[in-house]
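Dumped target_23.tsv below, it's TSV, C-alpha atoms:
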```tsv
chain	number	residue	atom	x	y	z
A	1	MET	CA	105.14	85.32	0.18
A	2	ARG	CA	103.97	83.40	3.25
A	3	ASP	CA	100.82	81.28	3.24
A	4	GLY	CA	98.95	83.82	5.35
A	5	GLN	CA	99.99	86.63	3.05
A	6	ARG	CA	99.01	84.60	0.00
A	7	ARG	CA	95.59	83.90	1.47
A	8	ALA	CA	95.13	87.59	2.24
A	9	ARG	CA	96.02	88.48	-1.35
A	10	GLU	CA	93.59	85.87	-2.67
A	11	ALA	CA	90.86	87.22	-0.39
A	12	ALA	CA	91.47	90.75	-1.68
A	13	ASP	CA	91.34	89.57	-5.30
A	14	LYS	CA	88.06	87.78	-4.57
A	15	ALA	CA	86.61	90.88	-2.90
A	16	ILE	CA	87.44	92.92	-6.00
A	17	ALA	CA	85.89	90.31	-8.28
A	18	LEU	CA	82.69	90.28	-6.22
A	19	GLY	CA	82.50	94.05	-5.70
A	20	PRO	CA	84.55	95.89	-8.33
A	21	GLU	CA	82.84	99.18	-7.50
A	22	LEU	CA	83.66	98.98	-3.78
A	23	PRO	CA	86.93	100.49	-2.49
A	24	GLU	CA	87.68	98.00	0.29
A	25	GLY	CA	89.07	95.23	-1.92
A	26	TYR	CA	91.43	97.63	-3.67
A	27	ILE	CA	92.64	99.00	-0.33
A	28	ALA	CA	93.36	95.49	0.94
A	29	ARG	CA	95.19	94.44	-2.22
A	30	ALA	CA	97.17	97.67	-2.34
A	31	SER	CA	98.28	97.13	1.25
A	32	MET	CA	99.51	93.63	0.42
A	33	ARG	CA	101.27	94.78	-2.73
A	34	ALA	CA	103.13	97.48	-0.86
A	35	ALA	CA	103.96	95.89	2.47
A	36	THR	CA	104.99	92.39	1.42
A	37	GLN	CA	105.53	92.41	-2.36
A	38	TRP	CA	107.14	95.85	-2.70
A	39	ASP	CA	105.06	96.44	-5.82
A	40	TRP	CA	104.80	100.18	-5.34
A	41	GLU	CA	103.27	100.96	-8.73
A	42	GLY	CA	100.68	98.21	-8.37
A	43	ALA	CA	99.82	99.47	-4.90
A	44	ARG	CA	99.56	103.06	-6.12
A	45	SER	CA	97.25	101.95	-8.93
A	46	ASP	CA	94.95	100.11	-6.51
A	47	PHE	CA	94.84	103.05	-4.12
A	48	GLN	CA	94.09	105.38	-7.03
A	49	ARG	CA	91.18	103.13	-8.00
A	50	ALA	CA	89.88	103.06	-4.42
A	51	LEU	CA	90.07	106.84	-4.17
A	52	THR	CA	88.38	107.26	-7.54
A	53	LEU	CA	85.49	105.19	-6.19
A	54	ALA	CA	85.51	106.93	-2.79
A	55	PRO	CA	87.50	110.19	-2.82
A	56	GLU	CA	86.77	110.92	0.84
A	57	ASN	CA	87.46	107.45	2.19
A	58	ALA	CA	89.69	108.19	5.18
A	59	ASP	CA	90.92	104.60	5.40
A	60	ALA	CA	92.09	104.67	1.79
A	61	LEU	CA	93.83	107.99	2.32
A	62	THR	CA	95.70	107.06	5.48
A	63	THR	CA	96.65	103.62	4.18
A	64	TYR	CA	97.98	105.16	0.96
A	65	ALA	CA	99.98	107.67	2.99
A	66	LEU	CA	101.53	104.94	5.12
A	67	TYR	CA	101.98	102.05	2.72
A	68	VAL	CA	103.12	103.93	-0.37
A	69	LEU	CA	104.11	107.55	0.29
A	70	ARG	CA	105.92	106.86	3.57
A	71	SER	CA	107.73	103.84	2.16
A	72	LEU	CA	108.91	105.77	-0.90
A	73	GLY	CA	110.17	108.63	1.26
A	74	ARG	CA	107.57	111.10	-0.01
A	75	LEU	CA	106.92	112.33	3.49
A	76	ASP	CA	105.52	115.79	2.78
A	77	GLU	CA	102.91	114.27	0.48
A	78	GLY	CA	102.16	111.58	3.03
A	79	ILE	CA	101.68	114.12	5.80
A	80	ALA	CA	99.29	116.16	3.66
A	81	VAL	CA	97.25	113.08	2.72
A	82	SER	CA	97.20	111.89	6.32
A	83	ARG	CA	96.03	115.28	7.57
A	84	LYS	CA	93.20	115.18	5.03
A	85	ALA	CA	92.21	111.76	6.38
A	86	ALA	CA	92.24	113.18	9.92
A	87	GLN	CA	89.91	116.00	8.87
A	88	LEU	CA	87.50	113.46	7.40
A	89	ASP	CA	87.63	111.10	10.39
A	90	PRO	CA	88.85	113.11	13.40
A	91	LEU	CA	88.06	110.37	15.94
A	92	ASN	CA	90.15	107.68	14.27
A	93	GLY	CA	93.18	106.98	16.45
A	94	ARG	CA	94.91	104.95	13.74
A	95	ILE	CA	95.07	107.99	11.48
A	96	PHE	CA	96.84	110.11	14.10
A	97	SER	CA	99.24	107.29	14.95
A	98	GLY	CA	100.13	106.98	11.27
A	99	LEU	CA	100.53	110.74	11.02
A	100	ALA	CA	102.94	110.60	13.95
A	101	SER	CA	105.08	108.05	12.10
A	102	LEU	CA	105.24	110.28	9.02
A	103	LEU	CA	106.19	113.30	11.10
A	104	VAL	CA	108.93	111.33	12.89
A	105	GLY	CA	110.37	110.36	9.52
A	106	ALA	CA	110.37	114.01	8.50
A	107	GLY	CA	112.13	115.03	11.72
A	108	ARG	CA	109.16	117.10	12.91
A	109	LEU	CA	109.27	115.70	16.41
A	110	ASP	CA	107.06	118.17	18.27
A	111	GLU	CA	104.29	117.67	15.72
A	112	ALA	CA	104.82	113.91	15.87
A	113	ARG	CA	104.45	113.96	19.62
A	114	ALA	CA	101.21	115.93	19.38
A	115	ALA	CA	99.81	113.48	16.81
A	116	ALA	CA	100.71	110.45	18.93
A	117	GLU	CA	99.19	112.05	22.02
A	118	ARG	CA	95.99	112.78	20.09
A	119	SER	CA	95.86	109.16	18.95
A	120	LEU	CA	96.15	108.03	22.56
A	121	GLU	CA	93.44	110.43	23.69
A	122	ILE	CA	91.11	108.75	21.21
A	123	ASN	CA	92.25	105.19	21.92
A	124	PRO	CA	94.49	104.73	24.98
A	125	GLU	CA	94.91	100.98	24.46
A	126	GLN	CA	96.81	100.31	21.25
A	127	ALA	CA	100.07	99.03	19.83
A	128	PHE	CA	101.54	101.77	17.65
A	129	ALA	CA	100.97	105.20	19.19
A	130	PRO	CA	102.70	104.44	22.52
A	131	ALA	CA	105.71	103.15	20.58
A	132	TRP	CA	105.84	106.20	18.32
A	133	LEU	CA	105.52	108.51	21.32
A	134	GLY	CA	108.26	106.56	23.08
A	135	PHE	CA	110.54	106.87	20.06
A	136	VAL	CA	109.90	110.62	19.78
A	137	LEU	CA	110.80	111.09	23.44
A	138	LEU	CA	113.94	108.98	22.99
A	139	LEU	CA	115.01	111.13	20.04
A	140	GLN	CA	114.34	114.22	22.16
A	141	GLY	CA	116.67	112.97	24.88
A	142	ARG	CA	114.00	111.89	27.37
A	143	PRO	CA	114.72	108.17	27.76
A	144	ALA	CA	112.94	107.58	31.08
A	145	GLU	CA	109.66	108.89	29.66
A	146	ALA	CA	110.31	106.97	26.45
A	147	LEU	CA	110.66	103.71	28.34
A	148	ALA	CA	107.38	104.28	30.16
A	149	TRP	CA	105.50	104.88	26.91
A	150	TYR	CA	106.97	101.88	25.14
A	151	ALA	CA	105.83	99.77	28.10
A	152	ARG	CA	102.23	100.87	27.47
A	153	SER	CA	102.09	99.39	23.97
A	154	THR	CA	99.71	96.45	23.63
A	155	SER	CA	102.31	94.79	21.38
A	156	GLU	CA	104.95	92.67	23.10
A	157	VAL	CA	107.22	93.23	20.11
A	158	PHE	CA	107.17	97.00	20.58
A	159	ARG	CA	107.54	96.72	24.36
A	160	LEU	CA	110.67	94.60	23.94
A	161	LEU	CA	112.01	96.75	21.11
A	162	GLY	CA	111.58	99.86	23.24
A	163	ALA	CA	113.23	98.28	26.25
A	164	ALA	CA	116.20	97.14	24.16
A	165	ILE	CA	116.92	100.48	22.52
A	166	VAL	CA	116.10	102.75	25.46
A	167	GLN	CA	118.09	100.70	27.97
A	168	HIS	CA	121.01	100.80	25.53
A	169	SER	CA	120.74	104.59	25.37
A	170	LEU	CA	120.70	104.69	29.18
A	171	GLY	CA	123.90	102.63	29.29
A	172	HIS	CA	122.15	99.62	30.81
A	173	ALA	CA	123.73	96.88	28.73
A	174	ARG	CA	122.40	93.95	30.78
A	175	GLU	CA	118.79	95.14	30.57
A	176	SER	CA	119.12	95.91	26.87
A	177	ASP	CA	120.58	92.47	26.17
A	178	ALA	CA	117.81	90.78	28.15
A	179	ALA	CA	115.10	92.54	26.14
A	180	LEU	CA	116.82	91.74	22.84
A	181	ASP	CA	117.31	88.09	23.81
A	182	GLU	CA	113.61	87.78	24.64
A	183	LEU	CA	112.65	89.49	21.39
A	184	VAL	CA	114.77	87.05	19.39
A	185	ARG	CA	113.58	84.03	21.36
A	186	LYS	CA	109.88	84.82	20.99
A	187	HIS	CA	109.63	86.75	17.75
A	188	SER	CA	112.41	85.89	15.30
A	189	HIS	CA	109.69	84.60	12.95
A	190	ASP	CA	107.59	87.78	12.93
A	191	ALA	CA	109.79	90.66	14.13
A	192	ALA	CA	113.05	90.38	12.20
A	193	TYR	CA	112.80	94.06	11.28
A	194	GLN	CA	112.49	95.11	14.93
A	195	ILE	CA	115.46	92.91	15.85
A	196	ALA	CA	117.43	94.61	13.08
A	197	THR	CA	116.33	97.95	14.51
A	198	VAL	CA	117.91	97.15	17.87
A	199	HIS	CA	121.23	96.23	16.26
A	200	ALA	CA	121.18	99.36	14.09
A	201	TRP	CA	120.44	101.55	17.11
A	202	ARG	CA	123.40	99.97	18.90
A	203	GLY	CA	125.64	100.59	15.89
A	204	ASP	CA	126.16	96.90	15.08
A	205	LYS	CA	125.81	97.18	11.32
A	206	ASP	CA	126.68	93.59	10.45
A	207	ARG	CA	124.01	92.15	12.73
A	208	ALA	CA	121.53	94.77	11.57
A	209	PHE	CA	121.98	93.82	7.92
A	210	GLU	CA	121.84	90.13	8.81
A	211	TRP	CA	118.41	90.62	10.36
A	212	LEU	CA	117.26	92.96	7.61
A	213	GLU	CA	117.99	90.22	5.11
A	214	ARG	CA	115.94	87.83	7.23
A	215	ALA	CA	113.13	90.38	7.27
A	216	ARG	CA	113.31	90.63	3.49
A	217	VAL	CA	113.22	86.86	3.01
A	218	GLN	CA	110.29	86.61	5.43
A	219	HIS	CA	108.47	89.45	3.63
A	220	ASP	CA	108.25	91.25	6.96
A	221	GLY	CA	105.98	94.25	6.49
A	222	GLY	CA	108.15	96.38	8.77
A	223	ILE	CA	110.98	96.48	6.26
A	224	ALA	CA	108.97	98.89	4.13
A	225	LEU	CA	109.97	101.55	6.70
A	226	ILE	CA	113.68	101.21	5.91
A	227	LYS	CA	113.97	104.34	3.77
A	228	VAL	CA	112.58	106.73	6.41
A	229	ASP	CA	113.19	105.00	9.75
A	230	ALA	CA	115.27	107.28	11.96
A	231	ALA	CA	116.44	104.26	13.95
A	232	MET	CA	118.23	103.03	10.82
A	233	ARG	CA	120.23	106.21	10.16
A	234	SER	CA	123.52	104.56	11.09
A	235	LEU	CA	123.16	102.21	8.11
A	236	ARG	CA	122.61	104.76	5.38
A	237	ASP	CA	126.29	105.29	4.52
A	238	ASP	CA	126.87	101.56	4.06
A	239	PRO	CA	126.80	100.13	0.49
A	240	ARG	CA	124.60	97.31	1.76
A	241	TYR	CA	121.88	99.86	2.46
A	242	LEU	CA	121.60	100.86	-1.20
A	243	GLU	CA	121.67	97.19	-2.19
A	244	LEU	CA	118.75	96.54	0.13
A	245	LEU	CA	116.76	99.46	-1.27
A	246	ALA	CA	117.24	98.01	-4.74
A	247	LYS	CA	115.99	94.59	-3.62
A	248	LEU	CA	112.88	96.29	-2.22
A	249	ASN	CA	112.30	98.29	-5.41
A	250	LEU	CA	112.75	101.50	-3.43
A	251	PRO	CA	114.35	104.60	-4.97
A	252	ARG	CA	117.82	105.66	-3.96
A	253	PRO	CA	118.11	108.72	-1.69
```

Take the structure in the file and write it out as structure tokens.
Amino acid sequence: MRDGQRRAREAADKAIALGPELPEGYIARASMRAATQWDWEGARSDFQRALTLAPENADALTTYALYVLRSLGRLDEGIAVSRKAAQLDPLNGRIFSGLASLLVGAGRLDEARAAAERSLEINPEQAFAPAWLGFVLLLQGRPAEALAWYARSTSEVFRLLGAAIVQHSLGHARESDAALDELVRKHSHDAAYQIATVHAWRGDKDRAFEWLERARVQHDGGIALIKVDAAMRSLRDDPRYLELLAKLNLPRP
């Protein structure tokens, strides 16, 4: 665990100690347990406690759906929980962006697109929803539109990721390489999972697993997507994929 992650965990523990009847500390600790420690049962327990204290807390519901149910591959459950959160807080763009990610994992691309578009109607300036919409459009065979949406993300990591994979799909090797080189140069310390994603999308399994191992060692939160990420499909028939799931305490398919 990195120093920043350790401090975040300590802050969550302190929040729980100071306010054991408040859900926020449990939500924060559950998020840390899931995303960077891969302690799925501990995370589930904390989310359960938060939802016992506040059954209609939309933040607890959507975070549980994303950090535990999505990571474990329980997508139908995650979608149902996320939709409940959206009913409780219909003007929360984060909820609809998260719902889009769950629907992409489930292969329900038209619904995913609608959820991402709703997220962007609520909050046009954000990191995740433009990237999810771009990925949906790429999967639907609309790369030019995909590239435009990736470019609207407020996250440089997602803009470069999108450029690398979409330009590859368009057959523009030079542009794809340039985006990947910039991603590695600027973000090897905090985007190892996204770098692995580019290699997986290109079909370079060895480089993909090399960067996935770096993501694991760095406790990169993105690696929790590995079980459901459509961009990683090319890796699923490789024995190294099952080995990685085991290291992350994730169930086999």

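Contact shell of range 15-25 of chain A at 7 Å (all atoms listed in the file; same-chain neighbours under 3 positions omitted): Ala11, Ala12, Ala28, Arg29, Ala50, Leu53 and Ala54 of chain A.
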
Output for the residues just chosen: C-alpha atoms as a PDB file, in the frame of the given file:
```pdb
ATOM      1  CA  ALA A  11      90.860  87.220  -0.390  1.00  0.00           C
ATOM      2  CA  ALA A  12      91.470  90.750  -1.680  1.00  0.00           C
ATOM      3  CA  ALA A  28      93.360  95.490   0.940  1.00  0.00           C
ATOM      4  CA  ARG A  29      95.190  94.440  -2.220  1.00  0.00           C
ATOM      5  CA  ALA A  50      89.880 103.060  -4.420  1.00  0.00           C
ATOM      6  CA  LEU A  53      85.490 105.190  -6.190  1.00  0.00           C
ATOM      7  CA  ALA A  54      85.510 106.930  -2.790  1.00  0.00           C
TER       8      ALA A  54
END
```

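Closest approach to Gln218 in chain A among A:Ala163, A:Ala191, A:Ala230, A:Leu88: A:Ala191, based on all atoms listed in the file.
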
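For range 214-217 of chain A, the non-local neighbours within 10 Å, defined as residues at least 6 positions apart in the same chain or in other chains and counting all atoms listed in the file, are Met1, Arg2, Thr36, Gln37, Ser188, His189, Asp190, Ala191, Ala192, Tyr193, Gln194, Ile195, Ala196, Ala208, Ile223, Ala224, Leu244, Lys247 and Leu248 of chain A.
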
For this session: Starting from the point (108.4, 96.2, -0.5), work out which residues of protein, DNA or RNA have an atom no more than 12 Å away when counting only C-alpha atoms; state them as number ranges by chain.
Result: A: 1, 30-43, 67-68, 70-72, 215-227, 244-251

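Shortest atom-to-atom contact with Lys205 in chain A among A:Arg74, A:Arg233, A:Lys84, A:Arg185: A:Arg233, counting all atoms listed in the file.
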
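Relative to CA of Arg174 in chain A, CA of Asp238 in chain A is found at 28.1 Å.
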